[in-house]
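Written below as structure tokens is the structure these notes are about.
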Amino acid sequence: MGLIVQKFGGTSVADLERIRKVAERVIQTVRQGHQVVVILSAMAGTTDHLLKMAHQAAATPDKRELDVLLSTGEQTTASLLAIILKSMGYAAKSLMGFQAAVLTDHDFGNARILDIETKRIQHILAGGTIVVVAGFQGCDTEGNITTLGRGGSDTSAVAIAAALNADLCEIYTDVDGIYTADPRVCAKARKLSAITYDEMLNMASLGAKVLQIRSVAFAKKFSVAVHVRSSFTQEEGTMVVHEDAGMESLVVSAVTHDKNEARITLQKVPDQPGVAAKIFTPIAQQGIIVDMIIQNTREEGQTDLTFTVPQSDFQRAMQIERRIAAEIGAETVIGDENIAKISVIGVGMKNHSGVASIMFNTLSRENINITMISTSEIRISCVIDEKYAELAVRVLHTAFGLDCEKPAAGGQVR
Ligand code: ADP
Ligand code: ASP
Ligand code: MG
């Protein structure tokens, strides 16, 4: 007998019929003799709908109240699943984030989990009851409801699995595993049977939303065995694991794309010590995360500085930089929201040269212009025009020999 955490995403709990299917799957696991803790997302579209309503109520909704509102999506599904499980003759109890003692910091809308006190969950499990926890939410030390950022139910699941020392954390979603590229964009994407935590961390941070990045960081830190699989089939999915010598060693194991960044360029910036600090400090003080940075020196003691920020912070960052440009005597500030970041990722890259040149040549053959480049030990990212994102993913996928002969099945269930 083991302890299994099962997380079901929005599409898997989109309506009552699907929640019934979730109940059947949970019962199947219980019948195999396991203890089960279920973590649920809100019904697909609910969080977006709630956000929209809040923004109709006020242009800048109060962050504390917004989290109270957003958490209701997961409250609904958790209680419905518990109601259904009970009606099917199984003892079940739903817990909201605060009842499950998911303690977070005070960063409403993007809170980090600090600690999970598992006594209550363990007590309920010990009584033979299925525990259903509302994902995506916790509470701070003052008892305020907090939410963990979009896609945060993944993090709830992995963090609870880590705190309970569970044997397995299953992430049930609308694709049947982790693919070499988003199967909705690349029909020839191939399902991976296993992927390392580091590769998945990179994929998640570079646009593959199949797992929220913080969930992968938790999984790596606490060595949680994570199995990403479909709610709609019984097929094995993808295991996220530590790197081991027996793994298939691909030079490039995945291609990702991210359309959620925007680019800002300050032109003709005086080329003097301290200027970069003046440009980036106010942005950092506002909690805006800068991703890529490029500086090009011009001839006459001037430089151009280009960087990317999340699209959601673009307007704020532009406002700040217009002010800074005036202060430091930069000539213009140009913004562009129509960009995409395309990345190739693989632990095998550590020991191989030539990956960058294949990437640049492949994009050039399609006449796709690269405007920014960044690299790390196991990835290369290029910023290109947003309208070529899908094409770039597909041609790179082919160029790195990742294409599967049979089109991916995973992209079809929605
Ligand atoms: P859930 O609601 O279950 O949390 P998400 O929509 O957050 O599901 O994540 C699943 C989606 O992630 C898939 O529908 C797929 O389009 C997308 N995705 C992006 N990159 C990948 C990838 N490399 N492998 C699998 N899915 C991916
Ligand atoms: N419901 C939240 C969202 O849509 C959390 C999640 O689904 O993981 O982002
Ligand atoms: Mg998700």
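Ligands are numbered from 1 in the order shown, residues from 1 within each chain, and chains are lettered A, B, ... in the order they appear in the structure tokens.
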
Sorted per-residue table, chain A near ligand 3, closest atoms and distance, 7 Å, only C-alpha atoms and all ligand atoms, as JSON lines:
{"residue": "A:Gly9", "atom": "CA", "partner": "ligand 3", "partner_atom_place_in_ligand_line": "1 (Mg)", "distance": 5.9}
{"residue": "A:Gly151", "atom": "CA", "partner": "ligand 3", "partner_atom_place_in_ligand_line": "1 (Mg)", "distance": 4.2}
{"residue": "A:Asp154", "atom": "CA", "partner": "ligand 3", "partner_atom_place_in_ligand_line": "1 (Mg)", "distance": 6.5}
{"residue": "A:Lys209", "atom": "CA", "partner": "ligand 3", "partner_atom_place_in_ligand_line": "1 (Mg)", "distance": 6.2}
{"residue": "A:Val210", "atom": "CA", "partner": "ligand 3", "partner_atom_place_in_ligand_line": "1 (Mg)", "distance": 5.7}
{"residue": "A:Leu211", "atom": "CA", "partner": "ligand 3", "partner_atom_place_in_ligand_line": "1 (Mg)", "distance": 5.9}
{"residue": "A:Gln212", "atom": "CA", "partner": "ligand 3", "partner_atom_place_in_ligand_line": "1 (Mg)", "distance": 6.5}

So that I have them on file, write out the residues from the current selection with all heavy atoms, as a PDB file, in the first residue's frame.
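Writing the result to out_29.pdb gives the following:
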ATOM      1  N   GLY A   9      -6.160  18.643 -13.682  1.00  0.00           N
ATOM      2  CA  GLY A   9      -6.193  20.014 -14.215  1.00  0.00           C
ATOM      3  C   GLY A   9      -7.576  20.432 -14.669  1.00  0.00           C
ATOM      4  O   GLY A   9      -8.536  19.645 -14.629  1.00  0.00           O
ATOM      5  N   GLY A 151      -1.561  28.322 -13.056  1.00  0.00           N
ATOM      6  CA  GLY A 151      -1.041  26.948 -13.139  1.00  0.00           C
ATOM      7  C   GLY A 151      -0.575  26.416 -11.788  1.00  0.00           C
ATOM      8  O   GLY A 151       0.047  25.350 -11.707  1.00  0.00           O
ATOM      9  N   ASP A 154      -0.438  22.663  -9.867  1.00  0.00           N
ATOM     10  CA  ASP A 154       0.676  21.704  -9.999  1.00  0.00           C
ATOM     11  C   ASP A 154       1.576  21.821  -8.770  1.00  0.00           C
ATOM     12  O   ASP A 154       2.030  20.818  -8.212  1.00  0.00           O
ATOM     13  CB  ASP A 154       1.528  22.021 -11.248  1.00  0.00           C
ATOM     14  CG  ASP A 154       0.761  21.865 -12.547  1.00  0.00           C
ATOM     15  OD1 ASP A 154      -0.159  21.041 -12.580  1.00  0.00           O
ATOM     16  OD2 ASP A 154       1.099  22.569 -13.526  1.00  0.00           O
ATOM     17  N   LYS A 209       3.791  25.110 -20.611  1.00  0.00           N
ATOM     18  CA  LYS A 209       3.002  25.286 -19.383  1.00  0.00           C
ATOM     19  C   LYS A 209       2.444  23.964 -18.845  1.00  0.00           C
ATOM     20  O   LYS A 209       1.621  23.960 -17.922  1.00  0.00           O
ATOM     21  CB  LYS A 209       1.878  26.292 -19.609  1.00  0.00           C
ATOM     22  CG  LYS A 209       0.808  25.788 -20.552  1.00  0.00           C
ATOM     23  CD  LYS A 209      -0.440  26.630 -20.418  1.00  0.00           C
ATOM     24  CE  LYS A 209      -1.543  26.047 -21.279  1.00  0.00           C
ATOM     25  NZ  LYS A 209      -2.837  26.607 -21.025  1.00  0.00           N
ATOM     26  N   VAL A 210       2.887  22.844 -19.399  1.00  0.00           N
ATOM     27  CA  VAL A 210       2.354  21.553 -18.947  1.00  0.00           C
ATOM     28  C   VAL A 210       2.601  21.346 -17.446  1.00  0.00           C
ATOM     29  O   VAL A 210       1.791  20.709 -16.766  1.00  0.00           O
ATOM     30  CB  VAL A 210       2.893  20.401 -19.831  1.00  0.00           C
ATOM     31  CG1 VAL A 210       4.399  20.297 -19.803  1.00  0.00           C
ATOM     32  CG2 VAL A 210       2.252  19.083 -19.484  1.00  0.00           C
ATOM     33  N   LEU A 211       3.670  21.923 -16.901  1.00  0.00           N
ATOM     34  CA  LEU A 211       3.879  21.947 -15.446  1.00  0.00           C
ATOM     35  C   LEU A 211       4.287  23.363 -15.049  1.00  0.00           C
ATOM     36  O   LEU A 211       5.123  23.978 -15.726  1.00  0.00           O
ATOM     37  CB  LEU A 211       4.996  20.991 -15.025  1.00  0.00           C
ATOM     38  CG  LEU A 211       4.695  19.496 -15.026  1.00  0.00           C
ATOM     39  CD1 LEU A 211       5.950  18.706 -14.659  1.00  0.00           C
ATOM     40  CD2 LEU A 211       3.567  19.152 -14.053  1.00  0.00           C
ATOM     41  N   GLN A 212       3.728  23.857 -13.937  1.00  0.00           N
ATOM     42  CA  GLN A 212       4.174  25.170 -13.453  1.00  0.00           C
ATOM     43  C   GLN A 212       5.611  25.045 -12.947  1.00  0.00           C
ATOM     44  O   GLN A 212       5.951  24.066 -12.265  1.00  0.00           O
ATOM     45  CB  GLN A 212       3.260  25.676 -12.321  1.00  0.00           C
ATOM     46  CG  GLN A 212       3.437  27.185 -12.082  1.00  0.00           C
ATOM     47  CD  GLN A 212       2.997  27.646 -10.695  1.00  0.00           C
ATOM     48  OE1 GLN A 212       3.187  26.935  -9.722  1.00  0.00           O
ATOM     49  NE2 GLN A 212       2.441  28.832 -10.603  1.00  0.00           N
TER      50      GLN A 212
END

Please extract the residues at most 9 Å from ligand 2, counting only C-alpha atoms and all ligand atoms, and provide them as an MDAnalysis selection string, using the chain letters and residue numbers of this document.
-> chainID A and resid 8:11 40:48 70:71 73:74 135:137 147:156 211:212

List the spatial neighbours of Glu366 (chain A) as a PDB file with C-alpha atoms, in the first residue's frame - criterion: any atom at most 9 Å away, only C-alpha atoms, same-chain residues fewer than 2 positions off excluded.
ATOM      1  CA  ASN A 361      20.994  27.926 -39.926  1.00  0.00           C
ATOM      2  CA  THR A 362      17.569  26.310 -39.633  1.00  0.00           C
ATOM      3  CA  LEU A 363      15.886  29.618 -38.799  1.00  0.00           C
ATOM      4  CA  SER A 364      17.806  31.411 -41.521  1.00  0.00           C
ATOM      5  CA  ILE A 368      13.268  34.004 -39.798  1.00  0.00           C
ATOM      6  CA  ASN A 369      15.224  36.875 -38.313  1.00  0.00           C
ATOM      7  CA  LEU A 391       6.868  27.559 -37.921  1.00  0.00           C
ATOM      8  CA  ALA A 392      10.132  27.929 -35.982  1.00  0.00           C
ATOM      9  CA  VAL A 395      11.437  23.352 -38.409  1.00  0.00           C
TER      10      VAL A 395
END

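Proximity of A:Arg120, A:Lys21, A:Arg184, A:Lys52 to ligand 1, computed with only C-alpha atoms and all ligand atoms, is greatest for A:Arg184.
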
Can you work out which one of A:Leu266, A:Ile342, A:Val175, A:Ala317 has the shortest atom-to-atom distance to ligand 1, counting only C-alpha atoms and all ligand atoms?
-> A:Val175

Nearest to ligand 1: which of A:Leu168, A:Ala111, A:Val309, A:Val13 is it, counting only C-alpha atoms and all ligand atoms?
-> A:Val13

From a DSSP calculation on the backbone, collect every residue of region 154-323 of chain A in alpha helix (DSSP H) and output the set as a ChimeraX atom specification.
-> /A:154-164,197-205,213-221,275-285,314-323

With C-alpha atoms retained, could you export that selection as a compact mmCIF listing (two decimals), in the first residue's frame?
# COMPACT_ATOMS: atom_id res chain seq x y z
CA ASP A 154 0.68 21.70 -10.00
CA THR A 155 2.73 23.29 -7.24
CA SER A 156 0.07 22.54 -4.62
CA ALA A 157 0.20 18.88 -5.67
CA VAL A 158 3.97 18.48 -5.68
CA ALA A 159 4.41 20.44 -2.45
CA ILE A 160 1.76 18.35 -0.68
CA ALA A 161 3.34 15.16 -2.08
CA ALA A 162 6.72 16.31 -0.74
CA ALA A 163 5.32 17.25 2.67
CA LEU A 164 3.50 13.90 2.99
CA TYR A 197 14.03 17.73 -13.50
CA ASP A 198 16.55 20.15 -15.04
CA GLU A 199 15.21 19.72 -18.55
CA MET A 200 11.63 20.16 -17.31
CA LEU A 201 12.66 23.22 -15.26
CA ASN A 202 14.03 24.77 -18.43
CA MET A 203 11.01 23.77 -20.49
CA ALA A 204 8.61 25.21 -17.92
CA SER A 205 10.54 28.47 -17.67
CA ILE A 213 7.87 25.90 -12.95
CA ARG A 214 7.65 26.05 -9.16
CA SER A 215 6.20 22.55 -9.06
CA VAL A 216 9.26 21.24 -10.87
CA ALA A 217 11.61 23.10 -8.52
CA PHE A 218 9.80 21.50 -5.55
CA ALA A 219 9.92 18.08 -7.17
CA LYS A 220 13.65 18.37 -7.77
CA LYS A 221 14.43 19.69 -4.30
CA VAL A 275 23.75 53.57 -16.57
CA ALA A 276 22.66 49.91 -16.62
CA ALA A 277 21.98 50.09 -12.88
CA LYS A 278 19.81 53.19 -13.42
CA ILE A 279 17.84 51.39 -16.13
CA PHE A 280 17.26 48.11 -14.30
CA THR A 281 17.01 49.05 -10.61
CA PRO A 282 13.58 50.75 -10.80
CA ILE A 283 12.23 47.80 -12.80
CA ALA A 284 13.50 45.34 -10.19
CA GLN A 285 12.03 47.48 -7.39
CA PHE A 314 5.11 45.58 -20.39
CA GLN A 315 3.09 48.79 -19.92
CA ARG A 316 4.47 49.38 -16.43
CA ALA A 317 8.02 48.75 -17.61
CA MET A 318 7.57 51.13 -20.57
CA GLN A 319 6.34 53.89 -18.26
CA ILE A 320 9.34 53.43 -15.98
CA GLU A 321 11.82 53.39 -18.86
CA ARG A 322 10.38 56.51 -20.50
CA ARG A 323 11.04 58.32 -17.22

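Checking A:Asn351, A:Thr118, A:Thr129, A:Gln35 one by one against Ala91 (chain A), counting only C-alpha atoms, you find the shortest gap at A:Thr129.
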
In terms of the shortest atom-to-atom distance over only C-alpha atoms, which of A:Met372, A:Ile293, A:Ala389, A:Ile334 is closest to Asn260 (chain A)?
->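 That would be A:Ala389, the residue with the smallest distance to Asn260 (chain A).
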
Of the candidates A:Glu390, A:Asp15, A:Asp167, A:Asp67, which one gets nearest to Phe222 (chain A) if we count only C-alpha atoms?
-> A:Asp167

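The two atoms in question, CA of Gly329 (chain A) and CA of Glu300 (chain A), are spaced 14.1 Å apart.
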
Contacts of Glu117 (chain A) at 9 Å or less, counting only C-alpha atoms, minus same-chain residues fewer than 6 places along, as an mmCIF file with N, CA and C atoms, in the first residue's frame?
data_model
loop_
_atom_site.group_PDB
_atom_site.id
_atom_site.type_symbol
_atom_site.label_atom_id
_atom_site.label_comp_id
_atom_site.auth_asym_id
_atom_site.auth_seq_id
_atom_site.Cartn_x
_atom_site.Cartn_y
_atom_site.Cartn_z
ATOM 1 N N ALA A 100 -5.953 22.815 4.774
ATOM 2 C CA ALA A 100 -4.877 21.838 4.566
ATOM 3 C C ALA A 100 -3.551 22.391 5.094
ATOM 4 N N ALA A 101 -3.612 23.586 5.693
ATOM 5 C CA ALA A 101 -2.438 24.244 6.299
ATOM 6 C C ALA A 101 -1.301 24.464 5.299
ATOM 7 N N VAL A 102 -1.690 24.975 4.108
ATOM 8 C CA VAL A 102 -0.680 25.351 3.108
ATOM 9 C C VAL A 102 -0.294 26.807 3.407
ATOM 10 N N LEU A 103 0.816 26.971 4.115
ATOM 11 C CA LEU A 103 1.229 28.310 4.554
ATOM 12 C C LEU A 103 2.083 28.965 3.473
ATOM 13 N N ALA A 163 5.548 17.133 1.226
ATOM 14 C CA ALA A 163 5.317 17.247 2.672
ATOM 15 C C ALA A 163 4.829 15.927 3.271
#

Among region 146-340 of chain A, which ones does DSSP place in strand (DSSP E), written as a PyMOL selection string?
-> chain A and resi 146-147+168-173+194-196+226-230+238-241+254-258+261-270+293-297+302-310+332-336+339-340

Mind checking which residues fall within 12 Å of region 267-273 of chain A, counting only C-alpha atoms, ignoring those fewer than 5 positions away in the same chain, and posting them as an MDAnalysis selection string?
-> chainID A and resid 278:279 294:307 321:322 324:335

Exercise: region 224-228 of chain A partners within 6 Å, only C-alpha atoms, chain neighbours under 5 positions left out, as a ChimeraX atom specification = /A:168-171,177,219,237-240

Give me a file of those residues, with N, CA and C atoms, as a CSV table (one decimal), in the first residue's frame.
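Heads up, here's the output in out-v6.csv:
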chain,number,residue,atom,x,y,z
A,168,LEU,N,4.2,8.8,-4.9
A,168,LEU,CA,4.1,9.2,-6.2
A,168,LEU,C,3.2,10.4,-6.3
A,169,CYS,N,3.5,11.3,-7.2
A,169,CYS,CA,2.6,12.5,-7.5
A,169,CYS,C,2.2,12.4,-9.0
A,170,GLU,N,0.9,12.1,-9.2
A,170,GLU,CA,0.4,12.0,-10.6
A,170,GLU,C,-0.2,13.3,-11.0
A,171,ILE,N,0.2,13.8,-12.2
A,171,ILE,CA,-0.4,15.0,-12.7
A,171,ILE,C,-1.3,14.6,-13.9
A,177,GLY,N,1.2,13.2,-21.8
A,177,GLY,CA,2.6,13.2,-21.3
A,177,GLY,C,3.3,14.4,-21.7
A,219,ALA,N,9.7,19.5,-6.9
A,219,ALA,CA,9.9,18.1,-7.2
A,219,ALA,C,11.4,17.7,-7.1
A,237,GLY,N,2.3,7.9,-18.9
A,237,GLY,CA,2.7,9.2,-19.4
A,237,GLY,C,4.2,9.4,-19.3
A,238,THR,N,4.7,10.5,-18.8
A,238,THR,CA,6.1,10.8,-18.7
A,238,THR,C,6.5,10.9,-17.2
A,239,MET,N,7.6,10.3,-16.9
A,239,MET,CA,8.2,10.4,-15.5
A,239,MET,C,9.2,11.6,-15.5
A,240,VAL,N,9.1,12.4,-14.5
A,240,VAL,CA,10.1,13.5,-14.3
A,240,VAL,C,11.0,13.0,-13.2

Hey, can you check how far CA of Leu51 (chain A) sits from CA of Leu66 (chain A)?
-> 7.7 Å
